[in-house]
Each structure stands twice: as C-alpha cells, then as structure tokens.
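Here's the structure we're looking at; comments come further down.
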Amino acid sequence: MTAGTVAAPLAPARRSAAPVWWLVLRQELTELWMGGRVLTYLVLYSLLMSLTAFLLATNTELNLLPLRQNIVVAVTSALTFGLFIGLAIGAESISGERERATLEPLLLTPCSPRQVVAGKFLSALSAWPGAMLLTLPYLVVLAQGHTVLGSALVWGGVVGTLLAAMFVGFSLIVSIWSESSRVSLFICLLAYAASLIPAQLPTEFLRSPAGVVLTLIDPVESASTYLDRTIGSGQPLSQAWPFLASPVAATLLTLAVLFGWAAPRLRLMARA
Amino acid sequence: MTTETSNGHAEEPRVILSAEELRKSYGAHQALKNLSFTLRAGRVLGFLGPNGAGKTTSIRILTTILPPSSGHFVVDGVTSDHPAQIRRRIGVLPEGLGFPRQLTGARYLSYYGQLFGSSSHDARSTAEALLQEVGLQNRGHSPIGSYSHGMRQRLGIARALVNDPAVLFFDEPTLGLDPRGQRELLTMVQGIARDRGKGVVLSSHLLAEIEGVCDDVVIMNAGEVVARGTVAEVIGQASHRSGVALRVRVPVGEVPAACGLIATLPSVRATTPDDSTGWIGVELRQLNGTAAADPRLVNTMLESLIRADVPVLGLDAGSGRLEDVFLQLTAEAIR
C-alpha cells in the first residue's frame with residue numbers, strides 16, 4: 001500500500017508486562033550510551049583521573065602524603081568529576097526534550113509522569129557506575145596492594161552512589177522547571193560549585209564549632225570528611241557515621257521532592 | 001459517513017468529540033473564549049485562524065496537555081476530568097514535533113506502542129503495519145535523522161495512530177512540505193477519517209486544501225469562534241452577510257473601468273474592488289429573498305467587459321471560497 005491510503009483498523013493491543021519506567025530507562029540508556037554522550041563524558045573523566053593519579057605519583061609534595069591519604073584524594077577526585085557527569089545529564093534530560101520538541105508526545109501517552117521521571121533518573125544515574133569502573137585501575141595502582149583498596153571501593157561506592165542520586169535528583173528537579181537546558185545546566189553548576197565551597201574554607205574555621213556544624217550539614221563536605229575518616233584514618237562506621245547522616249538525609253529529601261512533588265507537576269511548558 | 005438503521009433511515013455517525021464553552025486565561029489575557037463544537041466519527045473538522053487565534057491552545061486543551069480555565073469536553077464518551085483515559089483515545093501530531101535522531105522509525109513506533117500498553121511483540125508488528133500504511137516500509141529501519149521533513153511528518157502520523165485512537169489531532173501537519181507532500185499528507189488525513197471512521201481535527205493555514213479535505217470548519221480569531229458549521233454552511237453564511245454573489249478578476253489598471261461597466265448592469269447593487277489583486281466583488285439586488293447570481297447575469301457581465309476590451313483574468317460565479325470567508329471574518333473581527 002502506498003502513502004495516502006489507509007488500511008482497516010488494527011486489532012486492539014494487549015497489555016504489556018513492561019513497566020513504563022523500564023521502557024523509558026531502556027530508551028534513555030540507548031540514547032545516552034549508543035548516542036555517545038556518556039562516552040564523551042567518560043573519556044574526559046578518564047583524562048582528569050589520569051592527571052590526578054599522575055600528580056599523586058610524581059608531585060613531590062603530594063608524594064609525601066601517606067598512602068591512605070593518596071587513596072582518599074583519588075576517591076574524592078573521582079567523586080568530584082564523576083558526579084558532574086550525572087548532574088550534566090540530569091540537567092538536560094527534561095529541558096532538553098522540551099527544546100527538541102520530543103517531550104509533548106511523551107506527555108500525550110497515558111503514562112504516569114512519575115514513572116517517566118523514574119526512567120530518566122535511573123538513566124542519568126547510569127553514568128556513575130561507569131565512572132566507578134574506570135576509577136578501579138587508578139585505585140589499584142595507587143594502593144600498591146594495600147588493604148585500604150577494599151574500604152576505598154566500598155565506601156567510595158556507597159558515598160558516591162548517595163551523592164550521585166542526590167545530584168541527579170536535584171538536576172532533574174531543576175530540569176522539570178526549566179524552559180531551556182542552558183538555564184538548567186547553569187543553575188545546576190552553580191549549586192555544584194556552591195557545594196564545593198566549604199572544602200576551600202581555612203582549616204581553622206572547619207575545626208571551629210561553626211565549621212563542624214557546616215561540615216555536618218553540607219552533604220558534599222560531610223561525605224568527604226566521612227571518606228577521610230574511614231579510608232584515610234581507618235575509623236569504623238560506628239565512629240564515623242555522623243558524617244554519613246547528611247548525605248543520606250539530603251539524598252532522601254531530594255528524592256522525596258523529585259518523586260513526591262516535582263514529577264507529578266511535569267508539564268509541556270515549565271511555567272504553564 | 002452515515003449508517004442505515006433497520007427501518008431504512010440514514011443515521012448520523014455518533015458524536016466522538018464535543019467541547020462545551022472551553023475557556024483558557026493566562027492572568028488577564030484570555031487566550032480562548034467559549035469554544036464549543038461537536039465532531040462526528042468519520043468526519044474531518046478544520047480549525048482555521050490566523051496566528052495567535054487560539055488553535056494550538058484549543059488543541060492542547062483537547063489533548064489534555066493544558067487544563068482549561070473553565071468548560072469541559074468529552075472524547076469518545078470520556079469526560080475531560082479523566083485525562084489519562086482521554087489520552088488512550090486520542091492520537092496527536094503536534095506542530096513542530098521533534099524526533100530522536102538516532103532511533104529508527106520502527107523502533108520509535110514500537111517504543112510508543114509499548115508506552116500505550118502493547119506487548120513488545122504486538123508493538124513491533126503494529127509498527128511494521130503502520131510504516132507500511134504511511135509509505136515508510138522501505139525506510140523503517142533507517143535512523144530518523146536521515147529522514148526528510150515529509151517522511152518525519154508521515155512517521156508522526158503513524159505515531160498518532162499507534163494506539164488506534166478514536167480522535168486524531170493534526171496541528172499544522174503540512175507546514176514546510178512541498179505541494180506534493182502537502183497533497184499526499186492531506187489525502188492520508190482524509191483516508192484516516194473516511195476509511196478508519198475516526199474523528200479528525202485538522203489545524204492548517206492551507207485554506208484551499210482544507211476546503212477540499214474538511215467536512216466541518218471552526219474559524220477562530222483572537223481566541224473566539226467567528227464561524228462554525230459545515231464548509232458549505234460557513235461559506236453560505238459569509239456570502240449572505242456580505243451580499244457578494246460573484247467575483248471577477250481583471251488587470252489592476254482596469255479595475256475602475258470594469259467597476260463602472262459592471263455597476264451599470266440592472267441587477268447589480270454594488271461592486272467592491274480590491275485594487276491590489278484586481279478582484280471585483282459583485283453584490284446583487286435581492287431577488288426573491290436571495291442574492292444568488294443568475295447565470296445569465298454572468299454572461300451579460302462578461303459580454304460587457306469583453307466589448308469594452310477589458311481582459312477577464314478570473315471568474316468566481318459560485319458562492320465564494322473558504323479563503324475569502326476566512327479573510328472576511330478575521331478582518332471583521334479585527335475591526
């Protein structure tokens with residue numbers, strides 16, 4: 001049959017077993033990974049990690065650091081660079097669809113917006129395990145067979161996943177309310193940079209009561225301190241846990257806002 | 001499309017979409033005022049209006065993308081307070097629809113089929129059937145990024161049909177297509193209504209094309225409905241209101257002379273020249289309550305123009321065209 005003629009009605013389709021979030025996730029993963037976007041980010045990530053590992057191995061000042069501290073620096077660097085990937089993907093996921101005019105057909109399906117957002121959330125999060133996998137060789141080389149490698153992988157993975165979920169969740173909230181991906185990315189980068197500010201404050205201030213409170217409140221600084229205590233100083237979870245509370249609470253709060261409030265308000269126009 | 005009842009009477013197809021006093025406001029600005037209409041199965045309803053008339057707002061309300069400020073509508077028996085149920089019953093080709101460039105047409109349709117609840121297997125076979133229907137069977141497994149604009153529009157129509165909807169909305173589907181592409185697409189739209197028995201809402205600027213495809217029209221201007229009915233009814237209403245029964249086109253320089261000649265004819269009440277195009281509208285004296293053009297008058301008028309050596313470039317002895325009605329009604333509303 002040629003264009004311009006239409007056949008008889010199709011038989012009604014039977015229900016699918018696949019949940020919507022899974023369909024959206026699969027679709028998004030194909031676009032992100034097969035489309036090469038995540039791979040581009042991961043190449044940049046590898047270059048930055050290579051540079052960090054090279055400095056740790058050759059720089060005379062950094063070379064004086066104990067091995068455990070070297071690993072902490074490598075893990076926090078992996079977090080700093082790796083989290084950015086999820087943030088950038090999440091920031092673009094909804095607002096980018098608005099710009100490309102591909103959001104409307106998705107909203108015209110009977111699917112729950114919460115499930116659509118869940119699929120997009122998981123796909124943006126998928127870059128983090130990739131980054132962790134790429135970090136493994138660097139950590140193996142820097143650990144030189146030391147047992148600290150195990151705790152670096154466990155706590156780096158746990159803390160990184162928490163922060164990745166928080167940043168991806170935050171970037172999706174911003175994306176849901178942004179008309180353009182440039183605006184969304186700008187706001188996310190601003191928040192990302194702000195979260196790194198406490199790390200630049202003087203050590204004297206961070207040791208003061210106000211500094212300790214700030215460290216405990218700021219999830220990124222708190223997570224960094226937690227890694228320093230568990231990997232760098234070998235403290236057990238029972239002693240270092242107060243520094244894990246903030247990342248856990250911040251992640252849960254972000255996900256509650258994303259799925260409980262922002263996702264059901266997903267609209268074609270951000271400010272409609 | 002009519003069906004025959006057991007007693008032999010023709011029965012009107014059922015109303016598949018009805019809108020009652022839909023309004024949409026953005027603060028103090030009223031984007032849509034009192035939109036009411038009905039659409040029956042198997043018919044094509046044209047949504048006409050200049051830019052900013054409220055066509056896209058209307059379509060977005062009727063497709064549940066935007067909530068109305070007041071009023072309600074019913075799609076295939078489902079009221080507007082059940083948007084998810086309505087989305088199962090409609091297919092939409094939005095204006096300027098975007099596509100994922102890396103995906104193939106078949107994969108794209110299959111994905112949407114699954115989002116509408118089909119199993120993977122059913123969605124794939126539906127996708128293949130739809131690609132065949134819209135003439136993309138040879139390109140279905142190529143990335144959408146390699147498709148021409150016309151092919152993407154046809155893929156968009158296939159996507160709108162993926163859930164076998166009762167009502168379809170096409171918002172400016174012919175925008176950016178060449179004349180052949182426009183014709184093919186409109187024929188396809190007409191086929192969807194006639195052969196599948198769907199209700200189709202078609203928004204377009206191509207008035208001449210719309211006139212040939214649509215059964216009913218709603219003409220909108222500045223958020224208001226200025227005319228509504230079958231194409232013939234709307235043209236008839238506008239002709240009656242203006243009193244213009246026929247039009248003749250002469251070279252622009254000859255318009256004053258031609259007007260003078262036509263005005264001397266006994267049954268002509270007035271002429272309305274358009275100096276930019278050379279068209280002259282001829283209003284007739286009311287005879288037996290009508291202002292219809294007597295065929296003999298057309299001959300007399302042509303004879304007098306030919307005798308005076310005024311070239312006749314065009315003649316519209318019918319009741320007018322949708323394009324004229326549109327221009328007349330939207331101009332009246334602006335005034």
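Each chain in the structure tokens gets a letter, A, B, ..., in the order shown, and its residues are numbered from 1; ligands are numbered from 1 in order too.
What chain B places within 7 Å of chain A, counting only C-alpha atoms, is B:Ile65, B:Ala84, B:Arg87, B:Arg88, B:Leu97, B:Gly98, B:Phe99, B:Gln102, B:Gln114, B:Leu115, B:Phe116, B:Gly117, B:Ser118, B:Ser119, B:Asp122, B:Gln132, B:Glu133, B:Val134, B:Gly135, B:Asp164, B:Glu184, B:Leu185, B:Thr187, B:Met188, B:Gly191, B:Ile192, B:Asp195, B:Arg196.
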Write out as a list in words which residues come within 7 Å of Ala41 (chain B) when counting only C-alpha atoms, dropping same-chain ones fewer than 6 positions away. Pro13, Arg14, Val15, Ile16, Gly197, Lys198 and Gly199 of chain B
Hey, what's within 12 Å of region 240-252 of chain A if we count only C-alpha atoms and toss same-chain stuff fewer than 6 positions away? As number ranges by chain, please? A: 155, 158-170, 195, 212-234, 258-260
Which residues are near Thr330 (chain B)? Cut-off 12 Å, only C-alpha atoms, ignore same chain within fewer than 6 positions. Put them as a ChimeraX atom specification. /B:48-53,219-227,238,322-324
Mind writing the picked residues with C-alpha atoms as a PDB file, in the first residue's frame?
ATOM      1  CA  LEU B  48      -8.772  27.738  10.975  1.00  0.00           C
ATOM      2  CA  GLY B  49      -7.479  31.043  12.187  1.00  0.00           C
ATOM      3  CA  PRO B  50      -4.584  33.481  11.874  1.00  0.00           C
ATOM      4  CA  ASN B  51      -1.503  33.159  14.095  1.00  0.00           C
ATOM      5  CA  GLY B  52      -2.435  33.652  17.742  1.00  0.00           C
ATOM      6  CA  ALA B  53      -6.097  32.812  17.106  1.00  0.00           C
ATOM      7  CA  ILE B 219     -12.911  29.624  12.211  1.00  0.00           C
ATOM      8  CA  MET B 220     -11.214  31.315  15.154  1.00  0.00           C
ATOM      9  CA  ASN B 221      -9.846  34.772  15.679  1.00  0.00           C
ATOM     10  CA  ALA B 222      -8.235  36.228  18.808  1.00  0.00           C
ATOM     11  CA  GLY B 223      -9.399  33.255  20.883  1.00  0.00           C
ATOM     12  CA  GLU B 224     -13.016  33.466  19.688  1.00  0.00           C
ATOM     13  CA  VAL B 225     -15.035  31.327  17.315  1.00  0.00           C
ATOM     14  CA  VAL B 226     -16.180  33.594  14.461  1.00  0.00           C
ATOM     15  CA  ALA B 227     -17.816  30.895  12.328  1.00  0.00           C
ATOM     16  CA  ALA B 238     -20.434  34.652   4.888  1.00  0.00           C
ATOM     17  CA  LEU B 322     -13.227  29.392   2.219  1.00  0.00           C
ATOM     18  CA  GLU B 323     -10.174  31.612   1.877  1.00  0.00           C
ATOM     19  CA  ASP B 324     -12.386  34.659   1.193  1.00  0.00           C
TER      20      ASP B 324
END
Could you jot down the CA of Gly113 (chain B) to CA of Val162 (chain B) separation for me, Å, one decimal place?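 Distance between the two atoms: 5.7 Å.
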Could you give me, as a ChimeraX atom specification, each residue of region 7-123 of chain A that DSSP assigns to helix (DSSP H, G or I) when run on this structure's backbone? /A:20-34,37-58,60-63,67-93,95-99,103-107,113-123
For the residues selected in the previous step, produce a file with C-alpha atoms as a PDB file, in the first residue's frame.
ATOM      1  CA  VAL A  20       6.789   2.442  31.927  1.00  0.00           C
ATOM      2  CA  TRP A  21       9.899   3.358  33.943  1.00  0.00           C
ATOM      3  CA  TRP A  22      11.690   0.357  32.449  1.00  0.00           C
ATOM      4  CA  LEU A  23      10.673   1.303  28.883  1.00  0.00           C
ATOM      5  CA  VAL A  24      11.818   4.902  29.408  1.00  0.00           C
ATOM      6  CA  LEU A  25      15.053   3.747  31.072  1.00  0.00           C
ATOM      7  CA  ARG A  26      15.880   1.386  28.207  1.00  0.00           C
ATOM      8  CA  GLN A  27      15.142   4.074  25.663  1.00  0.00           C
ATOM      9  CA  GLU A  28      17.191   6.692  27.512  1.00  0.00           C
ATOM     10  CA  LEU A  29      20.117   4.322  28.050  1.00  0.00           C
ATOM     11  CA  THR A  30      20.198   3.582  24.325  1.00  0.00           C
ATOM     12  CA  GLU A  31      20.250   7.285  23.512  1.00  0.00           C
ATOM     13  CA  LEU A  32      22.832   8.174  26.161  1.00  0.00           C
ATOM     14  CA  TRP A  33      25.270   5.295  25.667  1.00  0.00           C
ATOM     15  CA  MET A  34      24.774   4.382  21.991  1.00  0.00           C
ATOM     16  CA  ARG A  37      27.108  11.293  25.076  1.00  0.00           C
ATOM     17  CA  VAL A  38      28.077   9.390  28.197  1.00  0.00           C
ATOM     18  CA  LEU A  39      31.142   8.003  26.471  1.00  0.00           C
ATOM     19  CA  THR A  40      32.353  11.533  25.711  1.00  0.00           C
ATOM     20  CA  TYR A  41      31.948  12.442  29.380  1.00  0.00           C
ATOM     21  CA  LEU A  42      33.757   9.272  30.453  1.00  0.00           C
ATOM     22  CA  VAL A  43      36.706   9.995  28.159  1.00  0.00           C
ATOM     23  CA  LEU A  44      37.054  13.433  29.797  1.00  0.00           C
ATOM     24  CA  TYR A  45      36.670  11.776  33.185  1.00  0.00           C
ATOM     25  CA  SER A  46      39.486   9.323  32.396  1.00  0.00           C
ATOM     26  CA  LEU A  47      41.758  12.188  31.351  1.00  0.00           C
ATOM     27  CA  LEU A  48      41.106  14.043  34.618  1.00  0.00           C
ATOM     28  CA  MET A  49      41.619  10.886  36.679  1.00  0.00           C
ATOM     29  CA  SER A  50      44.854  10.151  34.796  1.00  0.00           C
ATOM     30  CA  LEU A  51      46.068  13.659  35.576  1.00  0.00           C
ATOM     31  CA  THR A  52      45.179  13.233  39.269  1.00  0.00           C
ATOM     32  CA  ALA A  53      46.908   9.842  39.501  1.00  0.00           C
ATOM     33  CA  PHE A  54      49.972  11.202  37.692  1.00  0.00           C
ATOM     34  CA  LEU A  55      50.210  14.136  40.147  1.00  0.00           C
ATOM     35  CA  LEU A  56      49.767  11.846  43.122  1.00  0.00           C
ATOM     36  CA  ALA A  57      52.550   9.597  41.887  1.00  0.00           C
ATOM     37  CA  THR A  58      55.034  12.244  40.748  1.00  0.00           C
ATOM     38  CA  THR A  60      56.961  15.808  45.348  1.00  0.00           C
ATOM     39  CA  GLU A  61      54.551  17.457  47.814  1.00  0.00           C
ATOM     40  CA  LEU A  62      51.675  15.078  47.130  1.00  0.00           C
ATOM     41  CA  ASN A  63      54.143  12.199  47.119  1.00  0.00           C
ATOM     42  CA  LEU A  67      49.299   6.023  51.039  1.00  0.00           C
ATOM     43  CA  ARG A  68      45.866   6.113  52.721  1.00  0.00           C
ATOM     44  CA  GLN A  69      45.621   9.876  52.093  1.00  0.00           C
ATOM     45  CA  ASN A  70      46.614   9.374  48.456  1.00  0.00           C
ATOM     46  CA  ILE A  71      43.697   6.989  48.082  1.00  0.00           C
ATOM     47  CA  VAL A  72      41.339   9.486  49.767  1.00  0.00           C
ATOM     48  CA  VAL A  73      42.452  12.190  47.309  1.00  0.00           C
ATOM     49  CA  ALA A  74      41.900   9.805  44.385  1.00  0.00           C
ATOM     50  CA  VAL A  75      38.435   8.750  45.631  1.00  0.00           C
ATOM     51  CA  THR A  76      37.285  12.339  46.300  1.00  0.00           C
ATOM     52  CA  SER A  77      38.602  13.367  42.874  1.00  0.00           C
ATOM     53  CA  ALA A  78      36.597  10.503  41.345  1.00  0.00           C
ATOM     54  CA  LEU A  79      33.527  11.780  43.192  1.00  0.00           C
ATOM     55  CA  THR A  80      34.093  15.403  42.149  1.00  0.00           C
ATOM     56  CA  PHE A  81      34.476  14.560  38.457  1.00  0.00           C
ATOM     57  CA  GLY A  82      32.067  11.616  38.358  1.00  0.00           C
ATOM     58  CA  LEU A  83      29.156  13.399  40.000  1.00  0.00           C
ATOM     59  CA  PHE A  84      29.400  16.179  37.453  1.00  0.00           C
ATOM     60  CA  ILE A  85      28.510  13.725  34.668  1.00  0.00           C
ATOM     61  CA  GLY A  86      25.201  12.709  36.277  1.00  0.00           C
ATOM     62  CA  LEU A  87      24.452  16.340  37.089  1.00  0.00           C
ATOM     63  CA  ALA A  88      25.001  17.441  33.477  1.00  0.00           C
ATOM     64  CA  ILE A  89      22.896  14.594  32.053  1.00  0.00           C
ATOM     65  CA  GLY A  90      20.070  15.133  34.534  1.00  0.00           C
ATOM     66  CA  ALA A  91      20.051  18.898  33.936  1.00  0.00           C
ATOM     67  CA  GLU A  92      19.472  18.323  30.232  1.00  0.00           C
ATOM     68  CA  SER A  93      17.063  15.387  30.407  1.00  0.00           C
ATOM     69  CA  SER A  95      14.534  20.700  29.476  1.00  0.00           C
ATOM     70  CA  GLY A  96      16.475  19.238  26.528  1.00  0.00           C
ATOM     71  CA  GLU A  97      13.382  17.280  25.478  1.00  0.00           C
ATOM     72  CA  ARG A  98      11.385  20.493  25.705  1.00  0.00           C
ATOM     73  CA  GLU A  99      13.879  22.198  23.404  1.00  0.00           C
ATOM     74  CA  LEU A 103       8.517  15.933  25.395  1.00  0.00           C
ATOM     75  CA  GLU A 104       4.976  16.521  24.087  1.00  0.00           C
ATOM     76  CA  PRO A 105       4.481  13.034  22.570  1.00  0.00           C
ATOM     77  CA  LEU A 106       5.669  11.524  25.849  1.00  0.00           C
ATOM     78  CA  LEU A 107       3.128  13.595  27.783  1.00  0.00           C
ATOM     79  CA  PRO A 113       4.877  11.330  34.827  1.00  0.00           C
ATOM     80  CA  ARG A 114       6.421   9.842  37.979  1.00  0.00           C
ATOM     81  CA  GLN A 115       7.362   6.698  36.045  1.00  0.00           C
ATOM     82  CA  VAL A 116       8.725   8.732  33.138  1.00  0.00           C
ATOM     83  CA  VAL A 117      10.897  10.725  35.552  1.00  0.00           C
ATOM     84  CA  ALA A 118      11.994   7.499  37.294  1.00  0.00           C
ATOM     85  CA  GLY A 119      13.257   6.121  33.968  1.00  0.00           C
ATOM     86  CA  LYS A 120      15.127   9.334  33.243  1.00  0.00           C
ATOM     87  CA  PHE A 121      16.545   9.444  36.782  1.00  0.00           C
ATOM     88  CA  LEU A 122      17.968   5.929  36.544  1.00  0.00           C
ATOM     89  CA  SER A 123      19.440   6.532  33.105  1.00  0.00           C
TER      90      SER A 123
END
Separation of CA of Gly176 (chain B) and CA of Ser180 (chain A), in Å?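 If I compute the distance from CA of Gly176 (chain B) to CA of Ser180 (chain A), I get 24.6 Å.
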Skipping near chain neighbours, those fewer than 2 positions away, what residues fall within 9 Å of region 266-282 of chain B using only C-alpha atoms, listed as number ranges by chain? B: 243-256, 258-260, 262-264, 284-287, 297, 313-315
Could you list, as a list in words, every residue within 10 Å of Gly181 (chain B), counting only C-alpha atoms and ignoring same-chain residues fewer than 6 positions away?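 The neighbour list is His149, Gly150, Met151, Gln153, Arg154, Thr174, Leu175 and Thr187 of chain B.
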May I have the residues from that selection written out with C-alpha atoms, as an mmCIF file, in the first residue's frame?
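The result, written out as part27.cif:
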data_model
loop_
_atom_site.group_PDB
_atom_site.id
_atom_site.type_symbol
_atom_site.label_atom_id
_atom_site.label_comp_id
_atom_site.auth_asym_id
_atom_site.auth_seq_id
_atom_site.Cartn_x
_atom_site.Cartn_y
_atom_site.Cartn_z
ATOM 1 C CA HIS B 149 10.708 16.545 6.633
ATOM 2 C CA GLY B 150 7.855 14.881 4.777
ATOM 3 C CA MET B 151 8.920 11.441 5.967
ATOM 4 C CA GLN B 153 5.541 14.067 9.254
ATOM 5 C CA ARG B 154 4.350 10.702 7.975
ATOM 6 C CA THR B 174 1.548 20.415 6.176
ATOM 7 C CA LEU B 175 3.868 23.163 7.420
ATOM 8 C CA THR B 187 -5.161 12.672 1.353
#
